[in-house]
Structures are given as C-alpha cells and as structure tokens.
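A.B. asks: Okay, so here is entry09.txt, and as you'll see once you scroll down, it has compact mmCIF, N, CA and C atoms.
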```
# COMPACT_ATOMS: atom_id res chain seq x y z
N MET X 1 -9.60 9.11 -21.57
CA MET X 1 -8.75 9.93 -20.73
C MET X 1 -9.16 9.83 -19.27
N ALA X 2 -10.48 9.84 -19.00
CA ALA X 2 -10.95 9.77 -17.62
C ALA X 2 -10.58 8.44 -17.00
N ARG X 3 -10.68 7.36 -17.77
CA ARG X 3 -10.32 6.04 -17.24
C ARG X 3 -8.83 6.00 -16.91
N SER X 4 -8.01 6.59 -17.75
CA SER X 4 -6.58 6.63 -17.51
C SER X 4 -6.28 7.38 -16.21
N ASN X 5 -6.96 8.51 -16.00
CA ASN X 5 -6.77 9.27 -14.77
C ASN X 5 -7.20 8.46 -13.56
N PHE X 6 -8.30 7.70 -13.72
CA PHE X 6 -8.80 6.86 -12.63
C PHE X 6 -7.76 5.80 -12.28
N ILE X 7 -7.20 5.15 -13.29
CA ILE X 7 -6.20 4.11 -13.04
C ILE X 7 -4.96 4.72 -12.41
N ASN X 8 -4.55 5.90 -12.87
CA ASN X 8 -3.39 6.56 -12.27
C ASN X 8 -3.65 6.92 -10.82
N ALA X 9 -4.87 7.37 -10.52
CA ALA X 9 -5.22 7.68 -9.13
C ALA X 9 -5.18 6.42 -8.27
N GLU X 10 -5.68 5.32 -8.81
CA GLU X 10 -5.65 4.05 -8.08
C GLU X 10 -4.21 3.59 -7.86
N LEU X 11 -3.37 3.75 -8.86
CA LEU X 11 -1.96 3.38 -8.71
C LEU X 11 -1.28 4.24 -7.66
N ASP X 12 -1.58 5.53 -7.65
CA ASP X 12 -1.00 6.42 -6.64
C ASP X 12 -1.43 6.00 -5.24
N TRP X 13 -2.73 5.69 -5.09
CA TRP X 13 -3.25 5.25 -3.78
C TRP X 13 -2.57 3.95 -3.36
N ALA X 14 -2.45 3.00 -4.29
CA ALA X 14 -1.84 1.71 -3.99
C ALA X 14 -0.38 1.89 -3.59
N ASN X 15 0.32 2.80 -4.25
CA ASN X 15 1.72 3.06 -3.90
C ASN X 15 1.84 3.63 -2.49
N LYS X 16 0.90 4.51 -2.11
CA LYS X 16 0.91 5.06 -0.75
C LYS X 16 0.66 3.96 0.28
N GLN X 17 -0.28 3.05 -0.04
CA GLN X 17 -0.55 1.92 0.86
C GLN X 17 0.70 1.06 1.01
N LEU X 18 1.35 0.76 -0.10
CA LEU X 18 2.55 -0.05 -0.06
C LEU X 18 3.63 0.60 0.79
N GLU X 19 3.78 1.90 0.64
CA GLU X 19 4.78 2.63 1.42
C GLU X 19 4.45 2.58 2.91
N THR X 20 3.17 2.75 3.26
CA THR X 20 2.75 2.71 4.65
C THR X 20 2.99 1.33 5.25
N TRP X 21 2.59 0.29 4.53
CA TRP X 21 2.78 -1.07 5.03
C TRP X 21 4.26 -1.39 5.20
N ARG X 22 5.07 -0.96 4.25
CA ARG X 22 6.50 -1.24 4.33
C ARG X 22 7.12 -0.55 5.54
N LYS X 23 6.75 0.69 5.78
CA LYS X 23 7.27 1.41 6.95
C LYS X 23 6.87 0.71 8.24
N TYR X 24 5.61 0.24 8.31
CA TYR X 24 5.13 -0.45 9.51
C TYR X 24 5.95 -1.71 9.77
N VAL X 25 6.15 -2.51 8.73
CA VAL X 25 6.92 -3.75 8.88
C VAL X 25 8.37 -3.43 9.25
N ASP X 26 8.95 -2.42 8.62
CA ASP X 26 10.33 -2.04 8.93
C ASP X 26 10.47 -1.53 10.36
N ASN X 27 9.47 -0.81 10.85
CA ASN X 27 9.53 -0.24 12.20
C ASN X 27 9.19 -1.24 13.29
N ASN X 28 8.68 -2.42 12.92
CA ASN X 28 8.30 -3.43 13.91
C ASN X 28 8.93 -4.77 13.57
N PRO X 29 10.26 -4.89 13.72
CA PRO X 29 10.91 -6.16 13.41
C PRO X 29 10.40 -7.27 14.33
N ILE X 30 10.18 -8.44 13.78
CA ILE X 30 9.60 -9.55 14.54
C ILE X 30 10.48 -9.93 15.73
N ASN X 31 11.79 -9.87 15.56
CA ASN X 31 12.68 -10.28 16.65
C ASN X 31 12.70 -9.28 17.82
N GLU X 32 12.12 -8.11 17.66
CA GLU X 32 12.10 -7.12 18.73
C GLU X 32 10.72 -6.93 19.35
N LEU X 33 9.75 -7.76 18.97
CA LEU X 33 8.39 -7.61 19.50
C LEU X 33 8.34 -7.99 20.97
N LYS X 34 7.47 -7.32 21.69
CA LYS X 34 7.21 -7.62 23.10
C LYS X 34 5.70 -7.59 23.30
N ASP X 35 5.24 -8.36 24.30
CA ASP X 35 3.81 -8.32 24.62
C ASP X 35 3.43 -6.89 24.98
N ARG X 36 2.30 -6.43 24.47
CA ARG X 36 1.80 -5.11 24.86
C ARG X 36 0.87 -5.31 26.04
N ILE X 37 1.21 -4.67 27.13
CA ILE X 37 0.47 -4.85 28.38
C ILE X 37 -0.09 -3.51 28.84
N GLU X 38 -1.34 -3.52 29.27
CA GLU X 38 -1.95 -2.35 29.89
C GLU X 38 -2.53 -2.79 31.23
N TRP X 39 -2.70 -1.84 32.10
CA TRP X 39 -3.22 -2.14 33.42
C TRP X 39 -4.73 -1.91 33.44
N LYS X 40 -5.45 -2.91 33.93
CA LYS X 40 -6.90 -2.84 34.00
C LYS X 40 -7.30 -2.64 35.46
N THR X 41 -8.19 -1.70 35.68
CA THR X 41 -8.67 -1.42 37.04
C THR X 41 -9.69 -2.48 37.45
N THR X 42 -9.53 -2.99 38.66
CA THR X 42 -10.46 -3.99 39.17
C THR X 42 -11.61 -3.31 39.91
N LYS X 43 -12.60 -4.12 40.33
CA LYS X 43 -13.75 -3.58 41.06
C LYS X 43 -13.34 -2.96 42.38
N THR X 44 -12.31 -3.50 42.98
CA THR X 44 -11.89 -3.02 44.30
C THR X 44 -10.94 -1.83 44.21
N GLY X 45 -10.63 -1.40 43.00
CA GLY X 45 -9.77 -0.23 42.84
C GLY X 45 -8.33 -0.59 42.57
N GLY X 46 -8.00 -1.85 42.59
CA GLY X 46 -6.64 -2.28 42.27
C GLY X 46 -6.42 -2.30 40.76
N ALA X 47 -5.28 -2.77 40.38
CA ALA X 47 -4.97 -2.85 38.95
C ALA X 47 -4.25 -4.16 38.67
N ILE X 48 -4.60 -4.78 37.56
CA ILE X 48 -3.93 -6.00 37.15
C ILE X 48 -3.46 -5.84 35.71
N PRO X 49 -2.31 -6.48 35.40
CA PRO X 49 -1.81 -6.36 34.02
C PRO X 49 -2.63 -7.23 33.07
N MET X 50 -2.92 -6.69 31.90
CA MET X 50 -3.66 -7.42 30.86
C MET X 50 -2.84 -7.35 29.56
N VAL X 51 -2.69 -8.49 28.92
CA VAL X 51 -1.99 -8.52 27.63
C VAL X 51 -2.96 -8.05 26.55
N ILE X 52 -2.63 -6.94 25.94
CA ILE X 52 -3.47 -6.36 24.88
C ILE X 52 -3.15 -7.01 23.54
N ALA X 53 -1.87 -7.23 23.28
CA ALA X 53 -1.44 -7.88 22.04
C ALA X 53 -0.20 -8.72 22.35
N SER X 54 -0.34 -10.02 22.17
CA SER X 54 0.79 -10.92 22.45
C SER X 54 1.81 -10.83 21.32
N ILE X 55 3.00 -11.33 21.60
CA ILE X 55 4.05 -11.37 20.59
C ILE X 55 3.57 -12.17 19.38
N GLU X 56 2.90 -13.28 19.66
CA GLU X 56 2.42 -14.15 18.58
C GLU X 56 1.40 -13.43 17.70
N ALA X 57 0.47 -12.73 18.32
CA ALA X 57 -0.56 -12.01 17.56
C ALA X 57 0.07 -10.90 16.72
N GLN X 58 1.02 -10.18 17.30
CA GLN X 58 1.69 -9.12 16.55
C GLN X 58 2.49 -9.71 15.39
N GLY X 59 3.18 -10.82 15.64
CA GLY X 59 3.96 -11.48 14.58
C GLY X 59 3.07 -11.94 13.44
N LYS X 60 1.92 -12.51 13.79
CA LYS X 60 0.98 -12.97 12.77
C LYS X 60 0.47 -11.79 11.94
N PHE X 61 0.17 -10.67 12.61
CA PHE X 61 -0.30 -9.48 11.90
C PHE X 61 0.76 -8.96 10.94
N ILE X 62 2.01 -8.96 11.38
CA ILE X 62 3.10 -8.48 10.51
C ILE X 62 3.27 -9.42 9.31
N GLN X 63 3.16 -10.72 9.55
CA GLN X 63 3.27 -11.67 8.44
C GLN X 63 2.13 -11.48 7.44
N GLU X 64 0.92 -11.26 7.93
CA GLU X 64 -0.22 -11.01 7.05
C GLU X 64 -0.02 -9.71 6.27
N THR X 65 0.52 -8.70 6.94
CA THR X 65 0.80 -7.43 6.28
C THR X 65 1.81 -7.63 5.15
N MET X 66 2.84 -8.44 5.42
CA MET X 66 3.85 -8.71 4.39
C MET X 66 3.23 -9.46 3.20
N LYS X 67 2.35 -10.42 3.47
CA LYS X 67 1.67 -11.14 2.39
C LYS X 67 0.82 -10.18 1.56
N ASN X 68 0.07 -9.32 2.25
CA ASN X 68 -0.76 -8.33 1.54
C ASN X 68 0.11 -7.38 0.73
N TYR X 69 1.25 -6.98 1.30
CA TYR X 69 2.18 -6.09 0.61
C TYR X 69 2.63 -6.71 -0.71
N LEU X 70 3.06 -7.97 -0.63
CA LEU X 70 3.56 -8.63 -1.84
C LEU X 70 2.46 -8.83 -2.88
N ALA X 71 1.25 -9.16 -2.42
CA ALA X 71 0.13 -9.33 -3.35
C ALA X 71 -0.22 -8.02 -4.04
N LEU X 72 -0.29 -6.93 -3.26
CA LEU X 72 -0.61 -5.63 -3.84
C LEU X 72 0.51 -5.15 -4.76
N LEU X 73 1.74 -5.42 -4.38
CA LEU X 73 2.88 -5.03 -5.21
C LEU X 73 2.81 -5.71 -6.58
N GLU X 74 2.43 -6.98 -6.59
CA GLU X 74 2.30 -7.71 -7.85
C GLU X 74 1.20 -7.10 -8.73
N VAL X 75 0.08 -6.75 -8.12
CA VAL X 75 -1.03 -6.14 -8.86
C VAL X 75 -0.62 -4.78 -9.41
N VAL X 76 0.05 -3.98 -8.60
CA VAL X 76 0.49 -2.65 -9.03
C VAL X 76 1.47 -2.77 -10.20
N ASP X 77 2.40 -3.72 -10.10
CA ASP X 77 3.36 -3.90 -11.19
C ASP X 77 2.65 -4.29 -12.50
N LYS X 78 1.66 -5.17 -12.41
CA LYS X 78 0.92 -5.57 -13.61
C LYS X 78 0.14 -4.40 -14.20
N LEU X 79 -0.51 -3.61 -13.34
CA LEU X 79 -1.24 -2.43 -13.82
C LEU X 79 -0.30 -1.44 -14.48
N ARG X 80 0.84 -1.24 -13.87
CA ARG X 80 1.82 -0.30 -14.41
C ARG X 80 2.30 -0.76 -15.79
N GLU X 81 2.54 -2.07 -15.92
CA GLU X 81 2.96 -2.61 -17.22
C GLU X 81 1.88 -2.41 -18.28
N LYS X 82 0.62 -2.62 -17.90
CA LYS X 82 -0.48 -2.42 -18.84
C LYS X 82 -0.58 -0.97 -19.26
N GLU X 83 -0.42 -0.06 -18.31
CA GLU X 83 -0.49 1.37 -18.63
C GLU X 83 0.66 1.77 -19.55
N GLU X 84 1.85 1.24 -19.31
CA GLU X 84 2.99 1.56 -20.17
C GLU X 84 2.76 1.01 -21.58
N ALA X 85 2.19 -0.18 -21.67
CA ALA X 85 1.90 -0.76 -22.98
C ALA X 85 0.87 0.08 -23.73
N LYS X 86 -0.12 0.60 -23.01
CA LYS X 86 -1.13 1.46 -23.64
C LYS X 86 -0.49 2.75 -24.16
N LYS X 87 0.42 3.31 -23.37
CA LYS X 87 1.08 4.55 -23.79
C LYS X 87 1.90 4.31 -25.06
N GLU X 88 2.58 3.16 -25.12
CA GLU X 88 3.38 2.84 -26.30
C GLU X 88 2.48 2.65 -27.52
N ALA X 89 1.32 2.03 -27.32
CA ALA X 89 0.39 1.80 -28.43
C ALA X 89 -0.21 3.11 -28.93
N ARG X 90 -0.45 4.05 -28.02
CA ARG X 90 -1.05 5.33 -28.40
C ARG X 90 -0.04 6.25 -29.04
N GLY X 91 1.21 6.08 -28.75
CA GLY X 91 2.23 6.97 -29.28
C GLY X 91 2.47 8.12 -28.32
N SER X 92 3.10 9.16 -28.84
CA SER X 92 3.49 10.27 -27.98
C SER X 92 2.33 11.15 -27.56
N GLY X 93 1.25 11.09 -28.29
CA GLY X 93 0.09 11.91 -27.93
C GLY X 93 0.13 13.30 -28.52
N THR X 94 1.15 13.61 -29.33
CA THR X 94 1.20 14.93 -29.96
C THR X 94 0.46 14.88 -31.29
N VAL X 95 -0.25 15.93 -31.57
CA VAL X 95 -1.02 16.02 -32.81
C VAL X 95 -0.15 16.72 -33.84
N PRO X 96 0.03 16.10 -35.01
CA PRO X 96 0.86 16.73 -36.04
C PRO X 96 0.23 18.04 -36.51
N PRO X 97 1.05 18.98 -36.99
CA PRO X 97 0.54 20.28 -37.43
C PRO X 97 -0.53 20.17 -38.51
N ARG X 98 -0.41 19.20 -39.42
CA ARG X 98 -1.40 19.08 -40.50
C ARG X 98 -2.78 18.72 -39.96
N MET X 99 -2.83 18.06 -38.79
CA MET X 99 -4.11 17.69 -38.19
C MET X 99 -4.68 18.85 -37.37
N GLN X 100 -3.83 19.79 -37.01
CA GLN X 100 -4.27 20.94 -36.23
C GLN X 100 -4.77 22.07 -37.12
N GLY X 101 -4.62 21.91 -38.41
CA GLY X 101 -5.07 22.95 -39.34
C GLY X 101 -4.01 24.01 -39.57
N LYS X 102 -2.80 23.79 -39.08
CA LYS X 102 -1.72 24.76 -39.24
C LYS X 102 -0.87 24.46 -40.47
N TRP X 103 -1.08 23.34 -41.06
CA TRP X 103 -0.30 22.94 -42.22
C TRP X 103 -0.87 23.57 -43.47
N LYS X 104 -0.04 24.11 -44.31
CA LYS X 104 -0.53 24.79 -45.52
C LYS X 104 0.03 24.17 -46.74
```
Go through the file and emit its structure as structure tokens.

C.D. replies:
Amino acid sequence: MARSNFINAELDWANKQLETWRKYVDNNPINELKDRIEWKTTKTGGAIPMVIASIEAQGKFIQETMKNYLALLEVVDKLREKEEAKKEARGSGTVPPRMQGKWK
C-alpha cells in the first residue's frame, strides 16, 4: 500500500511538472520571441544595452523543454498503465463478508 501511495504521489508530481512545462511552452511561442535586453551601468555612470537571452537561446530552451515534456509524458503514461494493470490484477479491493467474519 505504501509503495502504491508513493507511485501515486510521483505521478501527481510528474503531472504538475508536465502542466507547468506545457503552460510555459504555450505562453512563449517561438515565432514571437525577442531578445531580452537589460541595461548595464558602466564605470562612468552611463548605460549600455546587454542581451540577457538571445532569441536563439530562448528557442533552444523551449525545444529542450518540449523534448523533456514528451519524454516525461511517455514515462508517466507507462507508469499509469502499470498501475492500472496492478489494480485489475488485485480486483476491486473489497473484502467479502465471509472473510470479515460477518458470514454465518
């Protein structure tokens, strides 16, 4: 029972990760990316623009996130199938009355 709860907790966590990654990818379409620029203060007190994250770097990160998403999704699906197969093998989990001592 404890192992089953552990696997269910892991599946819940993995589902939350999948949801987070999917939202991130959906909210950052590759065709709408722009260089992220911040201003850096110079020694003389001026400011110059610095690219914090280029379009290419952001695109690569999103592609890696999508690869990780698909890999984790495959693992979650396999775990879910295994858990369902275990439930079918165990049956409904109800104890018949004769086993509970209520049968006369």

A.B. asks: So, with all atoms listed in the file as the atoms that count, which of X:Met66, X:Leu18, X:Leu72, X:Val51 lies closest to Arg36 of chain X?

C.D. replies: X:Val51

A.B. asks: Which residue is closest to Val76 of chain X? Choose from X:Asn8, X:Ser54, X:Asn27, X:Thr44 and count only C-alpha atoms.

C.D. replies: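 Residue with the minimum atom-to-atom distance to Val76 of chain X: X:Asn8.
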
A.B. asks: Report, in Å to a single decimal, how far apart atom N of Arg80 of chain X and atom CA of Phe61 of chain X are.

C.D. replies: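 Pair atom CA of Phe61 of chain X / atom N of Arg80 of chain X returns 27.1 Å.
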
A.B. asks: Would you work out the distance separating atom CA of Ile55 of chain X from atom CA of Lys34 of chain X, expressed in Å to one decimal?

C.D. replies: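 Between these atoms lies a distance of 5.5 Å.
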
A.B. asks: One decimal, in Å: what's the spacing between atom CA of Asn15 of chain X and atom CA of Leu33 of chain X?

C.D. replies: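 Atom CA of Leu33 of chain X lies at a distance of 26.6 Å from atom CA of Asn15 of chain X.
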
A.B. asks: Can you list, as a PyMOL selection string, every residue of chain X that DSSP puts in strand (DSSP E)?

C.D. replies: chain X and resi 36-41+47-53

A.B. asks: Which centre and which edge lengths, in Å to one decimal, describe the axis-aligned box that holds all listed atoms of segment 68-74 of chain X after 8 Å is added on each side, as JSON?

C.D. replies:
```
{"center_x": 1.4, "center_y": -7.2, "center_z": -3.2, "size_x": 20.3, "size_y": 20.3, "size_z": 27.0}
```
